[in-house]
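Shown next: protein_28.txt, given as compact mmCIF, C-alpha atoms.
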```
# COMPACT_ATOMS: atom_id res chain seq x y z
CA MET A 1 -76.58 91.00 -94.32
CA LYS A 2 -75.84 92.93 -97.49
CA PHE A 3 -72.43 91.84 -98.76
CA THR A 4 -70.91 94.89 -100.49
CA SER A 5 -67.56 96.02 -101.81
CA THR A 6 -67.03 97.87 -98.54
CA THR A 7 -67.30 94.60 -96.67
CA ILE A 8 -64.76 93.00 -98.99
CA LEU A 9 -62.21 95.80 -98.68
CA ASN A 10 -62.46 96.24 -94.94
CA PRO A 11 -61.81 93.12 -92.87
CA ILE A 12 -62.43 94.95 -89.59
CA THR A 13 -66.18 95.53 -89.68
CA PRO A 14 -69.02 94.94 -87.23
CA LYS A 15 -69.81 91.29 -86.62
CA SER A 16 -71.92 89.54 -89.19
CA PRO A 17 -75.30 88.05 -88.31
CA PHE A 18 -73.81 84.77 -89.50
CA GLU A 19 -71.41 84.86 -86.55
CA LYS A 20 -74.18 85.45 -84.02
CA THR A 21 -76.31 82.52 -85.18
CA ASP A 22 -73.47 80.11 -85.98
CA SER A 23 -72.84 76.90 -84.07
CA LYS A 24 -69.62 76.02 -82.24
CA GLY A 25 -67.72 74.53 -85.13
CA ILE A 26 -69.10 70.97 -85.17
CA PHE A 27 -69.65 71.24 -88.92
CA TYR A 28 -66.04 72.27 -89.49
CA ILE A 29 -64.74 69.43 -87.34
CA GLY A 30 -66.83 67.04 -89.40
CA MET A 31 -65.58 68.48 -92.69
CA ALA A 32 -61.98 68.27 -91.47
CA LEU A 33 -62.50 64.59 -90.68
CA VAL A 34 -64.08 64.03 -94.10
CA ALA A 35 -61.04 65.63 -95.75
CA ILE A 36 -58.68 63.41 -93.75
CA VAL A 37 -60.63 60.28 -94.70
CA ILE A 38 -60.58 61.27 -98.39
CA ALA A 39 -56.83 61.91 -98.25
CA ILE A 40 -56.17 58.52 -96.63
CA ALA A 41 -58.43 56.76 -99.13
CA GLY A 42 -56.72 58.53 -102.01
CA PHE A 43 -53.06 58.25 -101.07
CA GLY A 44 -53.05 55.40 -98.57
CA PRO A 45 -53.50 52.28 -100.73
CA THR A 46 -50.34 52.72 -102.82
CA MET A 47 -48.38 53.62 -99.70
CA VAL A 48 -49.37 50.31 -98.08
CA ASP A 49 -49.30 48.13 -101.21
CA THR A 50 -46.30 49.29 -103.21
CA GLU A 51 -46.48 46.63 -105.92
CA SER A 52 -48.63 48.81 -108.19
CA ARG A 53 -46.34 51.83 -107.86
CA ARG A 54 -44.28 52.93 -110.82
CA GLU A 55 -41.51 54.28 -108.62
CA PRO A 56 -40.86 54.60 -104.87
CA VAL A 57 -41.72 57.86 -103.16
CA ASN A 58 -38.92 60.37 -103.62
CA LEU A 59 -37.90 63.06 -101.15
CA ALA A 60 -39.83 65.88 -102.83
CA VAL A 61 -43.08 63.90 -102.89
CA ALA A 62 -42.55 62.75 -99.29
CA VAL A 63 -42.05 66.34 -98.11
CA HIS A 64 -45.13 67.52 -99.99
CA GLY A 65 -47.17 64.65 -98.53
CA ALA A 66 -46.00 65.51 -95.01
CA ILE A 67 -46.97 69.16 -95.47
CA PHE A 68 -50.33 68.12 -96.92
CA GLY A 69 -51.00 65.86 -93.93
CA ALA A 70 -49.87 68.52 -91.47
CA TRP A 71 -52.28 71.03 -93.01
CA LEU A 72 -55.23 68.65 -92.62
CA VAL A 73 -54.32 67.87 -89.01
CA LEU A 74 -53.94 71.58 -88.24
CA PHE A 75 -57.29 72.34 -89.90
CA LEU A 76 -58.95 69.76 -87.65
CA ALA A 77 -57.13 71.08 -84.58
CA GLN A 78 -58.16 74.66 -85.37
CA ALA A 79 -61.80 73.63 -85.71
CA ILE A 80 -61.64 71.82 -82.37
CA LEU A 81 -60.02 74.83 -80.69
CA VAL A 82 -62.86 77.06 -81.89
CA SER A 83 -65.47 74.57 -80.69
CA LYS A 84 -63.81 74.62 -77.25
CA GLY A 85 -63.75 78.43 -77.18
CA LYS A 86 -59.93 78.58 -77.21
CA ILE A 87 -59.84 81.45 -79.68
CA SER A 88 -56.56 82.94 -78.44
CA PHE A 89 -54.67 79.70 -78.99
CA HIS A 90 -56.46 79.26 -82.31
CA ARG A 91 -55.09 82.61 -83.47
CA LYS A 92 -51.56 81.72 -82.34
CA MET A 93 -51.74 78.47 -84.30
CA GLY A 94 -52.77 80.56 -87.29
CA TYR A 95 -49.13 81.56 -87.70
CA VAL A 96 -48.26 77.90 -88.12
CA GLY A 97 -51.04 77.64 -90.68
CA ALA A 98 -49.66 80.58 -92.66
CA VAL A 99 -46.23 78.94 -92.84
CA LEU A 100 -47.73 75.59 -93.83
CA ALA A 101 -49.80 77.28 -96.55
CA ILE A 102 -46.68 78.83 -98.08
CA LEU A 103 -44.86 75.50 -97.94
CA MET A 104 -47.89 73.79 -99.46
CA VAL A 105 -47.91 76.14 -102.45
CA VAL A 106 -44.17 75.84 -103.05
CA SER A 107 -44.00 72.06 -102.62
CA GLY A 108 -47.20 71.56 -104.58
CA TYR A 109 -45.86 73.57 -107.50
CA LEU A 110 -42.56 71.68 -107.56
CA THR A 111 -44.27 68.30 -107.26
CA ALA A 112 -46.67 69.08 -110.10
CA ILE A 113 -43.88 70.34 -112.37
CA ASN A 114 -41.74 67.28 -111.67
CA MET A 115 -44.66 64.96 -112.46
CA ALA A 116 -45.29 66.75 -115.75
CA ARG A 117 -41.62 66.34 -116.65
CA ARG A 118 -41.79 62.60 -115.97
CA GLY A 119 -45.10 62.25 -117.78
CA TYR A 120 -46.58 60.02 -115.08
CA ASP A 121 -47.19 59.96 -111.33
CA LEU A 122 -45.19 57.74 -109.02
CA SER A 123 -48.18 55.92 -107.52
CA GLY A 124 -49.51 54.53 -110.78
CA ASP A 125 -53.02 55.79 -109.98
CA LEU A 126 -53.02 58.51 -112.61
CA ILE A 127 -53.70 59.63 -115.24
CA HIS A 128 -57.39 58.66 -115.31
CA GLY A 129 -59.58 60.59 -117.71
CA VAL A 130 -56.64 62.81 -118.67
CA ASN A 131 -54.20 61.20 -121.09
CA ASP A 132 -52.03 64.27 -121.38
CA PRO A 133 -49.86 65.17 -118.34
CA ILE A 134 -49.78 68.78 -119.55
CA THR A 135 -53.56 68.98 -119.29
CA LEU A 136 -53.37 67.46 -115.82
CA LEU A 137 -50.80 70.11 -114.91
CA ALA A 138 -53.42 72.81 -115.57
CA LEU A 139 -55.66 71.20 -112.98
CA GLN A 140 -52.89 70.79 -110.43
CA LEU A 141 -51.42 74.27 -110.73
CA GLY A 142 -54.91 75.77 -110.77
CA ASP A 143 -55.73 74.05 -107.49
CA ILE A 144 -52.46 75.22 -105.95
CA PHE A 145 -53.13 78.80 -107.05
CA THR A 146 -56.70 78.64 -105.71
CA PHE A 147 -55.53 77.25 -102.38
CA GLY A 148 -52.94 79.98 -101.90
CA LEU A 149 -55.35 82.72 -102.94
CA LEU A 150 -58.16 81.60 -100.62
CA VAL A 151 -55.87 81.08 -97.65
CA GLY A 152 -54.30 84.50 -98.21
CA ILE A 153 -57.72 86.19 -98.29
CA ALA A 154 -58.83 84.16 -95.27
CA ILE A 155 -55.81 85.41 -93.30
CA TRP A 156 -56.66 88.98 -94.32
CA TYR A 157 -60.17 88.39 -92.96
CA ARG A 158 -59.02 86.68 -89.76
CA LYS A 159 -61.04 89.18 -87.70
CA ARG A 160 -64.21 88.26 -89.58
CA SER A 161 -64.80 84.68 -88.51
CA ASP A 162 -67.81 84.15 -90.77
CA ILE A 163 -65.66 84.90 -93.85
CA HIS A 164 -62.40 83.46 -92.53
CA LYS A 165 -63.63 79.97 -91.67
CA ARG A 166 -65.61 79.53 -94.90
CA LEU A 167 -62.62 80.50 -97.04
CA MET A 168 -60.35 78.15 -95.08
CA LEU A 169 -62.87 75.35 -95.53
CA LEU A 170 -63.16 75.93 -99.29
CA ALA A 171 -59.39 76.13 -99.64
CA THR A 172 -59.05 72.76 -97.92
CA VAL A 173 -61.89 70.73 -99.41
CA GLY A 174 -62.20 72.53 -102.75
CA ALA A 175 -58.56 73.03 -103.70
CA LEU A 176 -56.76 70.14 -101.96
CA MET A 177 -59.24 67.28 -102.22
CA PRO A 178 -59.41 67.03 -106.06
CA ALA A 179 -55.94 65.41 -106.02
CA ALA A 180 -57.02 62.79 -103.48
CA LEU A 181 -60.31 62.19 -105.30
CA THR A 182 -58.44 61.64 -108.56
CA HIS A 183 -56.27 59.03 -106.86
CA ILE A 184 -59.35 57.30 -105.41
CA ILE A 185 -60.77 57.00 -108.92
CA GLY A 186 -57.38 56.01 -110.34
CA HIS A 187 -56.74 53.02 -108.07
CA SER A 188 -60.32 51.73 -108.21
CA PRO A 189 -60.88 49.37 -111.20
CA VAL A 190 -64.65 49.91 -111.02
CA LEU A 191 -64.42 53.70 -111.01
CA ARG A 192 -61.74 53.75 -113.71
CA GLU A 193 -64.09 51.96 -116.10
CA ILE A 194 -66.71 54.71 -115.87
CA GLN A 195 -66.31 56.84 -118.99
CA ALA A 196 -67.51 60.07 -117.40
CA PRO A 197 -66.02 62.84 -115.23
CA ILE A 198 -67.45 61.35 -112.03
CA ILE A 199 -65.09 63.43 -109.90
CA VAL A 200 -67.46 66.38 -110.35
CA ILE A 201 -70.02 64.70 -108.05
CA PRO A 202 -67.93 64.50 -104.85
CA LEU A 203 -66.26 67.79 -105.72
CA PHE A 204 -69.65 69.49 -106.02
CA LEU A 205 -70.75 68.09 -102.65
CA LEU A 206 -67.55 69.22 -100.95
CA LEU A 207 -67.70 72.71 -102.43
CA PHE A 208 -71.36 73.32 -101.61
CA ALA A 209 -71.48 71.55 -98.24
CA SER A 210 -71.12 74.90 -96.49
CA ALA A 211 -73.95 76.43 -98.55
CA ILE A 212 -76.22 73.48 -97.76
CA ARG A 213 -75.37 73.72 -94.09
CA ASP A 214 -75.97 77.48 -94.07
CA ARG A 215 -79.40 77.05 -95.63
CA ILE A 216 -80.48 74.28 -93.27
CA TYR A 217 -79.19 75.64 -89.97
CA LEU A 218 -79.04 79.40 -90.54
CA GLY A 219 -81.94 79.81 -92.93
CA ARG A 220 -79.81 81.69 -95.46
CA ILE A 221 -76.64 81.11 -97.44
CA HIS A 222 -73.53 83.14 -96.77
CA PRO A 223 -72.21 84.77 -100.00
CA ILE A 224 -68.83 83.09 -99.52
CA SER A 225 -70.45 79.66 -99.27
CA LEU A 226 -72.35 80.23 -102.48
CA TRP A 227 -70.39 82.44 -104.84
CA VAL A 228 -66.85 81.35 -104.02
CA ALA A 229 -67.91 77.71 -104.21
CA LEU A 230 -69.62 78.34 -107.54
CA ALA A 231 -66.57 80.17 -108.90
CA MET A 232 -64.31 77.29 -107.84
CA PHE A 233 -66.59 74.72 -109.49
CA VAL A 234 -66.65 76.67 -112.76
CA TRP A 235 -62.90 77.31 -112.58
CA SER A 236 -62.23 73.59 -112.12
CA ASN A 237 -64.32 72.57 -115.11
CA LEU A 238 -62.94 75.41 -117.23
CA ARG A 239 -59.41 74.14 -116.69
CA ALA A 240 -60.40 70.57 -117.46
CA VAL A 241 -62.41 71.27 -120.61
CA VAL A 242 -61.05 74.50 -122.10
CA ILE A 243 -57.70 75.61 -120.68
CA GLY A 244 -55.91 72.29 -120.15
CA PRO A 245 -56.35 70.90 -123.70
CA SER A 246 -55.64 74.25 -125.39
CA GLU A 247 -52.53 74.85 -127.48
CA PHE A 248 -51.89 78.10 -125.61
CA TRP A 249 -51.68 76.28 -122.26
CA HIS A 250 -49.42 73.60 -123.74
CA GLU A 251 -46.98 76.28 -124.82
CA ILE A 252 -46.95 77.81 -121.34
CA ALA A 253 -46.66 74.42 -119.62
CA ASN A 254 -43.79 73.29 -121.85
CA TRP A 255 -41.98 76.50 -120.94
CA LEU A 256 -42.60 75.86 -117.23
CA ILE A 257 -41.30 72.30 -117.21
CA GLN A 258 -38.14 72.98 -119.21
```

Please re-express this file's structure in structure tokens.
Amino acid sequence: MKFTSTTILNPITPKSPFEKTDSKGIFYIGMALVAIVIAIAGFGPTMVDTESRREPVNLAVAVHGAIFGAWLVLFLAQAILVSKGKISFHRKMGYVGAVLAILMVVSGYLTAINMARRGYDLSGDLIHGVNDPITLLALQLGDIFTFGLLVGIAIWYRKRSDIHKRLMLLATVGALMPAALTHIIGHSPVLREIQAPIIVIPLFLLLFASAIRDRIYLGRIHPISLWVALAMFVWSNLRAVVIGPSEFWHEIANWLIQ
């Protein structure tokens, strides 16, 4: 299929060949489970063993964590509904997803700003590889912005399942998982000792999992799976290496947290 500007501007177009040859959502169920496992591995240890925490969980962090968990559970449920052919109920649950996405963006923004004001995270896992909380804020706010943008576009393309589901997947694993991955590295003594940005390895695999799957099972890669994933990977590294440490960003961030 030729992916043109007309396709991008018009969400109600004839069905894509990717829809006709696609499976029944097993891949998306698997990716949802992977995201849940990563989230548990990232945030679970300091919730169970509180001795290493700097401070107890406050209300704002608890609310954000609950919304985060609800989104992952809903993403899994939506993938299961599609695999069972319950498309009508899937679409109704989409309204819940839209509300959760808004709450995720708002709570994520507030949580990130509050952490930057404190200068440390409550769990004690961070900041690994980033000594400046202002630089870390660039990564956090960038992920929140990316999540909201991708979910918004995915909702616009809700009648194009081949575009919709890939954007939702990338929003979940590409924009939400970096936080959990950073915590996994932060509370692992072995991983903390590695003087390299090792987070790029799991992040790369998560972002391009859809492209790999497309190539293996469909014989071709959907443009969303390739180009959006690539843009997200570049955007992530750009924030970490260029934007976050810059004086310009520090001026903006200091204004935001005041």

- Could you jot down the atom CA of A:Ile163 to atom CA of A:Phe208 separation for me, Å, one decimal place?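 Rounded to one decimal, the two atoms are 15.1 Å apart.
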
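Using only C-alpha atoms, the shortest contact distance between A:Ile212 and any of A:Phe27, A:Arg53, A:Val96, A:Leu176 is found at A:Phe27.
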
- For A:Trp227, which residue out of A:Leu110, A:Lys159, A:Ile102, A:Leu170 is the nearest one, using all atoms listed in the file? A:Leu170

- Selected residue of minimal separation from A:Arg213 among A:Met31, A:Met177, A:Val151, A:Val228, counting all atoms listed in the file: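 With all atoms listed in the file as the atom set, the closest residue is A:Met31.
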
- Message: Just to confirm, what's the straight-line distance from atom CA of A:Ala179 to atom CA of A:Gly69 in Å (one decimal)?
- Response: 13.1 Å

- Message: Here is a test: counting all atoms listed in the file, which residue of A:Leu141, A:Ile26, A:Val63, A:Leu203 is nearest to A:Val173?
- Response: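 Under the stated criterion, the closest residue is A:Leu203.
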
- Which of these residues is nearest to A:Ile201, using all atoms listed in the file: A:Ala35, A:Leu100, A:Leu181, A:Leu149?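 Of A:Ala35, A:Leu100, A:Leu181, A:Leu149, the one nearest A:Ile201 is A:Leu181, counting all atoms listed in the file.
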
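The closest residue to A:Phe204, picked from A:Ile221, A:Ile144, A:Leu230, A:Leu191 and counting only C-alpha atoms, is A:Leu230.
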
With all atoms listed in the file counted and 9 Å as the cut-off, give the residues of stretch 146-201 of chain A in contact with stretch 232-251 of chain A, each with its shortest interatomic distance in Å and the pair that gives it, as a Markdown table.
```
| residue | atom | partner | partner_atom | distance |
| --- | --- | --- | --- | --- |
| A:Thr146 | CA | A:Met232 | CA | 8.0 |
| A:Leu170 | CA | A:Met232 | CA | 8.7 |
| A:Gly174 | CA | A:Met232 | CA | 7.3 |
| A:Ala175 | CA | A:Met232 | CA | 8.3 |
| A:Val200 | CA | A:Asn237 | CA | 8.4 |
```

- Message: Using all atoms listed in the file, which protein or nucleic acid residues come within 7 Å of stretch 115-125 of chain A? Drop anything in the same chain fewer than 6 positions from it, and give the result as a PyMOL selection string.
- Response: chain A and resi 46+52-57+133-134+137+183+186-187+257

Would you list the residues near (-53.5, 73.4, -92.4) (no more than 7 Å away, in the coordinates of the file, using all atoms listed in the file) as a short mmCIF file (atom, residue, chain, number, x, y, z; two decimals) with C-alpha atoms, in the frame of the given file?
```
data_model
loop_
_atom_site.label_atom_id
_atom_site.label_comp_id
_atom_site.auth_asym_id
_atom_site.auth_seq_id
_atom_site.Cartn_x
_atom_site.Cartn_y
_atom_site.Cartn_z
CA ALA A 70 -49.87 68.52 -91.47
CA TRP A 71 -52.28 71.03 -93.01
CA LEU A 72 -55.23 68.65 -92.62
CA VAL A 73 -54.32 67.87 -89.01
CA LEU A 74 -53.94 71.58 -88.24
CA PHE A 75 -57.29 72.34 -89.90
CA GLY A 97 -51.04 77.64 -90.68
CA LEU A 100 -47.73 75.59 -93.83
CA ALA A 101 -49.80 77.28 -96.55
#
```

Would you fill out stretch 190-212 of chain A with N, CA, C and O atoms and return it as a PDB file, in the coordinates of the input?
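out-v6.pdb, written as the output of this step:
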```pdb
ATOM      1  N   VAL A 190     -63.255  49.642-110.688  1.00  0.00           N
ATOM      2  CA  VAL A 190     -64.650  49.910-111.020  1.00  0.00           C
ATOM      3  C   VAL A 190     -64.833  51.351-111.450  1.00  0.00           C
ATOM      4  O   VAL A 190     -65.472  51.636-112.479  1.00  0.00           O
ATOM      5  N   LEU A 191     -64.262  52.279-110.689  1.00  0.00           N
ATOM      6  CA  LEU A 191     -64.420  53.700-111.010  1.00  0.00           C
ATOM      7  C   LEU A 191     -63.659  54.080-112.276  1.00  0.00           C
ATOM      8  O   LEU A 191     -64.087  54.949-113.029  1.00  0.00           O
ATOM      9  N   ARG A 192     -62.540  53.430-112.520  1.00  0.00           N
ATOM     10  CA  ARG A 192     -61.740  53.750-113.710  1.00  0.00           C
ATOM     11  C   ARG A 192     -62.493  53.402-114.989  1.00  0.00           C
ATOM     12  O   ARG A 192     -62.254  54.011-116.037  1.00  0.00           O
ATOM     13  N   GLU A 193     -63.370  52.412-114.909  1.00  0.00           N
ATOM     14  CA  GLU A 193     -64.090  51.960-116.100  1.00  0.00           C
ATOM     15  C   GLU A 193     -65.233  52.903-116.495  1.00  0.00           C
ATOM     16  O   GLU A 193     -65.757  52.818-117.597  1.00  0.00           O
ATOM     17  N   ILE A 194     -65.614  53.784-115.578  1.00  0.00           N
ATOM     18  CA  ILE A 194     -66.710  54.710-115.870  1.00  0.00           C
ATOM     19  C   ILE A 194     -66.200  55.809-116.801  1.00  0.00           C
ATOM     20  O   ILE A 194     -65.311  56.574-116.458  1.00  0.00           O
ATOM     21  N   GLN A 195     -66.765  55.879-117.980  1.00  0.00           N
ATOM     22  CA  GLN A 195     -66.310  56.840-118.990  1.00  0.00           C
ATOM     23  C   GLN A 195     -67.064  58.175-118.825  1.00  0.00           C
ATOM     24  O   GLN A 195     -67.771  58.629-119.702  1.00  0.00           O
ATOM     25  N   ALA A 196     -66.877  58.780-117.689  1.00  0.00           N
ATOM     26  CA  ALA A 196     -67.510  60.070-117.400  1.00  0.00           C
ATOM     27  C   ALA A 196     -66.716  60.770-116.307  1.00  0.00           C
ATOM     28  O   ALA A 196     -66.057  60.114-115.496  1.00  0.00           O
ATOM     29  N   PRO A 197     -66.745  62.087-116.265  1.00  0.00           N
ATOM     30  CA  PRO A 197     -66.020  62.840-115.230  1.00  0.00           C
ATOM     31  C   PRO A 197     -66.715  62.746-113.875  1.00  0.00           C
ATOM     32  O   PRO A 197     -67.278  63.729-113.383  1.00  0.00           O
ATOM     33  N   ILE A 198     -66.692  61.567-113.267  1.00  0.00           N
ATOM     34  CA  ILE A 198     -67.450  61.350-112.030  1.00  0.00           C
ATOM     35  C   ILE A 198     -66.883  62.128-110.848  1.00  0.00           C
ATOM     36  O   ILE A 198     -67.559  62.269-109.827  1.00  0.00           O
ATOM     37  N   ILE A 199     -65.675  62.659-110.999  1.00  0.00           N
ATOM     38  CA  ILE A 199     -65.090  63.430-109.900  1.00  0.00           C
ATOM     39  C   ILE A 199     -65.906  64.679-109.588  1.00  0.00           C
ATOM     40  O   ILE A 199     -65.856  65.200-108.477  1.00  0.00           O
ATOM     41  N   VAL A 200     -66.690  65.163-110.570  1.00  0.00           N
ATOM     42  CA  VAL A 200     -67.460  66.380-110.350  1.00  0.00           C
ATOM     43  C   VAL A 200     -68.535  66.180-109.265  1.00  0.00           C
ATOM     44  O   VAL A 200     -68.946  67.156-108.619  1.00  0.00           O
ATOM     45  N   ILE A 201     -68.973  64.949-109.052  1.00  0.00           N
ATOM     46  CA  ILE A 201     -70.020  64.700-108.050  1.00  0.00           C
ATOM     47  C   ILE A 201     -69.509  64.920-106.641  1.00  0.00           C
ATOM     48  O   ILE A 201     -70.059  65.749-105.897  1.00  0.00           O
ATOM     49  N   PRO A 202     -68.441  64.216-106.200  1.00  0.00           N
ATOM     50  CA  PRO A 202     -67.930  64.500-104.850  1.00  0.00           C
ATOM     51  C   PRO A 202     -67.378  65.902-104.702  1.00  0.00           C
ATOM     52  O   PRO A 202     -67.485  66.511-103.635  1.00  0.00           O
ATOM     53  N   LEU A 203     -66.793  66.428-105.794  1.00  0.00           N
ATOM     54  CA  LEU A 203     -66.260  67.790-105.720  1.00  0.00           C
ATOM     55  C   LEU A 203     -67.380  68.792-105.497  1.00  0.00           C
ATOM     56  O   LEU A 203     -67.244  69.731-104.689  1.00  0.00           O
ATOM     57  N   PHE A 204     -68.496  68.611-106.193  1.00  0.00           N
ATOM     58  CA  PHE A 204     -69.650  69.490-106.020  1.00  0.00           C
ATOM     59  C   PHE A 204     -70.159  69.440-104.572  1.00  0.00           C
ATOM     60  O   PHE A 204     -70.455  70.482-103.966  1.00  0.00           O
ATOM     61  N   LEU A 205     -70.251  68.243-104.023  1.00  0.00           N
ATOM     62  CA  LEU A 205     -70.750  68.090-102.650  1.00  0.00           C
ATOM     63  C   LEU A 205     -69.816  68.751-101.645  1.00  0.00           C
ATOM     64  O   LEU A 205     -70.270  69.384-100.680  1.00  0.00           O
ATOM     65  N   LEU A 206     -68.515  68.601-101.858  1.00  0.00           N
ATOM     66  CA  LEU A 206     -67.550  69.220-100.950  1.00  0.00           C
ATOM     67  C   LEU A 206     -67.608  70.745-101.034  1.00  0.00           C
ATOM     68  O   LEU A 206     -67.576  71.436-100.010  1.00  0.00           O
ATOM     69  N   LEU A 207     -67.690  71.262-102.246  1.00  0.00           N
ATOM     70  CA  LEU A 207     -67.700  72.710-102.430  1.00  0.00           C
ATOM     71  C   LEU A 207     -68.958  73.358-101.855  1.00  0.00           C
ATOM     72  O   LEU A 207     -68.896  74.447-101.269  1.00  0.00           O
ATOM     73  N   PHE A 208     -70.101  72.701-102.017  1.00  0.00           N
ATOM     74  CA  PHE A 208     -71.360  73.320-101.610  1.00  0.00           C
ATOM     75  C   PHE A 208     -71.887  72.795-100.282  1.00  0.00           C
ATOM     76  O   PHE A 208     -73.019  73.103 -99.898  1.00  0.00           O
ATOM     77  N   ALA A 209     -71.065  72.031 -99.567  1.00  0.00           N
ATOM     78  CA  ALA A 209     -71.480  71.550 -98.240  1.00  0.00           C
ATOM     79  C   ALA A 209     -71.759  72.709 -97.300  1.00  0.00           C
ATOM     80  O   ALA A 209     -72.726  72.687 -96.525  1.00  0.00           O
ATOM     81  N   SER A 210     -70.930  73.735 -97.357  1.00  0.00           N
ATOM     82  CA  SER A 210     -71.120  74.900 -96.490  1.00  0.00           C
ATOM     83  C   SER A 210     -72.415  75.634 -96.828  1.00  0.00           C
ATOM     84  O   SER A 210     -73.137  76.088 -95.932  1.00  0.00           O
ATOM     85  N   ALA A 211     -72.712  75.759 -98.133  1.00  0.00           N
ATOM     86  CA  ALA A 211     -73.950  76.430 -98.550  1.00  0.00           C
ATOM     87  C   ALA A 211     -75.174  75.647 -98.085  1.00  0.00           C
ATOM     88  O   ALA A 211     -76.162  76.230 -97.604  1.00  0.00           O
ATOM     89  N   ILE A 212     -75.121  74.328 -98.203  1.00  0.00           N
ATOM     90  CA  ILE A 212     -76.220  73.480 -97.760  1.00  0.00           C
ATOM     91  C   ILE A 212     -76.415  73.607 -96.257  1.00  0.00           C
ATOM     92  O   ILE A 212     -77.529  73.746 -95.753  1.00  0.00           O
TER      93      ILE A 212
END
```
